[in-house]
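Novice: Just passing along the structure, written as structure tokens.
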Amino acid sequence: MADGSIGFWTVPLAVLGGAIRVSTPFLFVSLGECITERSGRINLGLEGTLVMGAMSAYGISYLSGSPWLGVLAAGITGAMLGALHAGICSLPRVNDIAVGIALMLFGTGLAFYLGKPLIEPTAPRLPAIDFGWWSDIPQVRAALRVNVLFLIGVALAPILYWAFRTTRWGLLIRTAGESSDAARAMGHSVLLIRLRATMVGGFLAGVGGSFLSLFYPGSWNEGLSSGQGITAVALVIFARWDPLLCLWASLAFGGAAALGPALQSVGVTSGYHLFNAAPYILTLAIMIITCSPKRTLTGAPAELSITR
Amino acid sequence: MTTEAADAAETVGAIAPAADPGFLQRYGGAIEYVLIPGAALVGALVVFGIFVMLFGKNPLDLYFYMYYGAFGTWFSWQNTLTRAAPLILTALCTALPAQLGMVIIGGEGALLIGALSATSAALALQGMPPLVVQIAMVCAGVIGGGLWIMLAGGLRQYRGVNETISSLLLVYIALAILNHLVEGAMRDPASLNKPSTREIGAANMIGTIPGTDVHWGLVFGLIAAIAAYILIHHTVFGFAARVAGGNIRAAKIVGLGVSKLILTVCFLAGGAAGLAGMVEVAAVQGRTNANLAAGYGFTGILVAFLARQNPLAIIPVAILLGGISASGGLLQRRLGLPDASVLVLQGIIFVFVLASDALYGRIGFLKGKS
């Protein structure tokens, strides 16, 4: 192995690297959606939020020269889209799923419109931490180049898990999600709780988008996100609205999504497009296995329109 | 509203003909269905005007070029109608399952699979009389697209998988299958820059309506929309579907076969979108390639919601949105707006239409009472 060629081991290594690299947007979107859904509302528009986040992060990073300002801008953009979603949903008789679809189209359209001048220039990218310094093998080093956002995401999952169980805010969000009547009886505004939960969810999804344009793949173009947002929403369902399970599921997804490029790098090109669809097929397969028509899903917030 | 109440209102209307509340009581609801989406549309256009104003464009120019590019000349009318044809069909893919209370947003996937099946049928039957090939293409497109959405419906009914998410995931899977086949097994070796299948042959194209440049797909769309309207509103099957959509427990108690209803409706819905794919192949592209993923399936969702899931209302709404997308080219050339401006406008319209749902039954003067 001293000559640096590690043959077929490239594939599992690239999948591991992918699990770390590709999973970050999945992780942020699913944690954000987890907060929103726990409050009893589903935001399908996070696909649009992700793309808007990627575009605004790239734009601000290019204009200001600071990628971290870009990440912040992406989060704020996401929170604003979340506020828009929550605002429309708080009108009577408005279906949150339909509003999500509308914002998915609106977010992507707006990002493509505003992002037209950003396709050419190169923006400063987020730095990575080299965890592979101990190894001489370039593939190992490449796989272990970890972005700070990934670490933040990994830390966020147990924090959210803890917050849902023990903090006042976590309990309020869960109350709104399990029984809006109970929350109202306690004197809290359900709409306000959901507004905040959707804005925080949008913020996280926007940050996930900034990872796409500022780290991996690391540029802005219109094909940047192809369904990562919606896959992450589905991921929350089979993670049973549990932030810790969201983390593991995101890692599995990142690995699946890295399978296509990894196989291509060792010369397996025939099923390239099919391997690229692996995350979607995996999502569908897991949903088929874990869902059941006879009972509602364990852990599902009772107010969620998708489980009723 | 009960008949007695309506009669009573009519009597009052006869006594005081100036106010005529009976008219409003009878038709107030119908007026709402025109007035509220119309107002939402105007609101969206105003917001879009302000949006382009922020980029230094004159909104009045914008409205003029939009009108001109969509309905201003016979040429733009033909362009609009050509784009409306697939929109009618993909909108049915959302509107039909909506009668059952299902939100299907995977029309784009069914369109791609329909196009792929229709192309395969045409390539397999090369040398047969054109009419045979065309009929085979229609059947293949409808069956391919129909089975694709039926999969989402079946997963919902038998496995409890949310149909909104599964149908959207199926779009990405359909696109992957299409790319896989046109770059692999079905690739025409002559297509270098844009991997495509072989052409279905000029003789097998469905051609245009005499005297126009609008292809026959528009007629397919009109027939499908009218047939869907009759099916939903004037047959026992449609009535059963609407009962199941309104109250699934009641439907089960009266013994309706809900599974069969869901699968059939999903098949018809996907079949409509698959037909749109067939039309795009047999009237526009002549072959299958990635160009087919032009977003007709996603715009169709907007058409269905704007038409309030009514198959007949889909026809004018599809023409309207076909017009908006037809004017996109003119906006790009004359005003220098990016091509995504059509997407932005569609998004704003969608948001406004959904927000306007809150207005139904709340407009004072339409209630027939002052």
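Ligands are numbered from 1 in the order shown, chains are lettered A, B, ... in the order of the structure tokens, and residues start at 1 in each chain.
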For a quick test of understanding: name the residues of chain A lying within 8 Å of chain B when counting only C-alpha atoms, and present them as a PyMOL selection string.
Specialist: chain A and resi 88-89+91-95+98-99+102-103+105-110+112-113+116+226-227+230-231+234+270-274+276-277+280-281+284+287-288+291-294+306
Novice: Can you pull out every residue within 12 Å of Trp133 (chain A), counting only C-alpha atoms, but drop anything in the same chain fewer than 2 positions away, and send it as a list in words?
Specialist: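 Here the answer would be Ile129, Asp130, Phe131, Ser135, Asp136, Ile137, Pro138, Gln139, Val140, Arg141, Ala142, Ala143, Leu144, Arg145 and Val146 of chain A.
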Novice: Within 6 Å of Gly40 (chain A), counting only C-alpha atoms, which residues show up once you throw out same-chain ones fewer than 6 positions away? Write them as an mmCIF file with C-alpha atoms, in the first residue's frame, please.
Specialist:
data_model
loop_
_atom_site.group_PDB
_atom_site.id
_atom_site.type_symbol
_atom_site.label_atom_id
_atom_site.label_comp_id
_atom_site.auth_asym_id
_atom_site.auth_seq_id
_atom_site.Cartn_x
_atom_site.Cartn_y
_atom_site.Cartn_z
ATOM 1 C CA GLY A 177 -46.999 19.525 18.196
ATOM 2 C CA GLU A 303 -50.853 17.546 15.196
ATOM 3 C CA LEU A 304 -48.839 16.781 12.081
#
Novice: Find the residues near Gly201 (chain A): any atom within 7 Å, counting only C-alpha atoms, skip ones fewer than 6 places away on the same chain, and give them as a ChimeraX atom specification.
Specialist: /A:32-33,35-36
Novice: Measuring between only C-alpha atoms, which one of B:Cys266, B:Ala282, B:Met150, B:Met66 shows the shortest distance to Ser120 (chain B)?
Specialist: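 Nearest candidate to Ser120 (chain B) out of B:Cys266, B:Ala282, B:Met150, B:Met66: B:Ala282.
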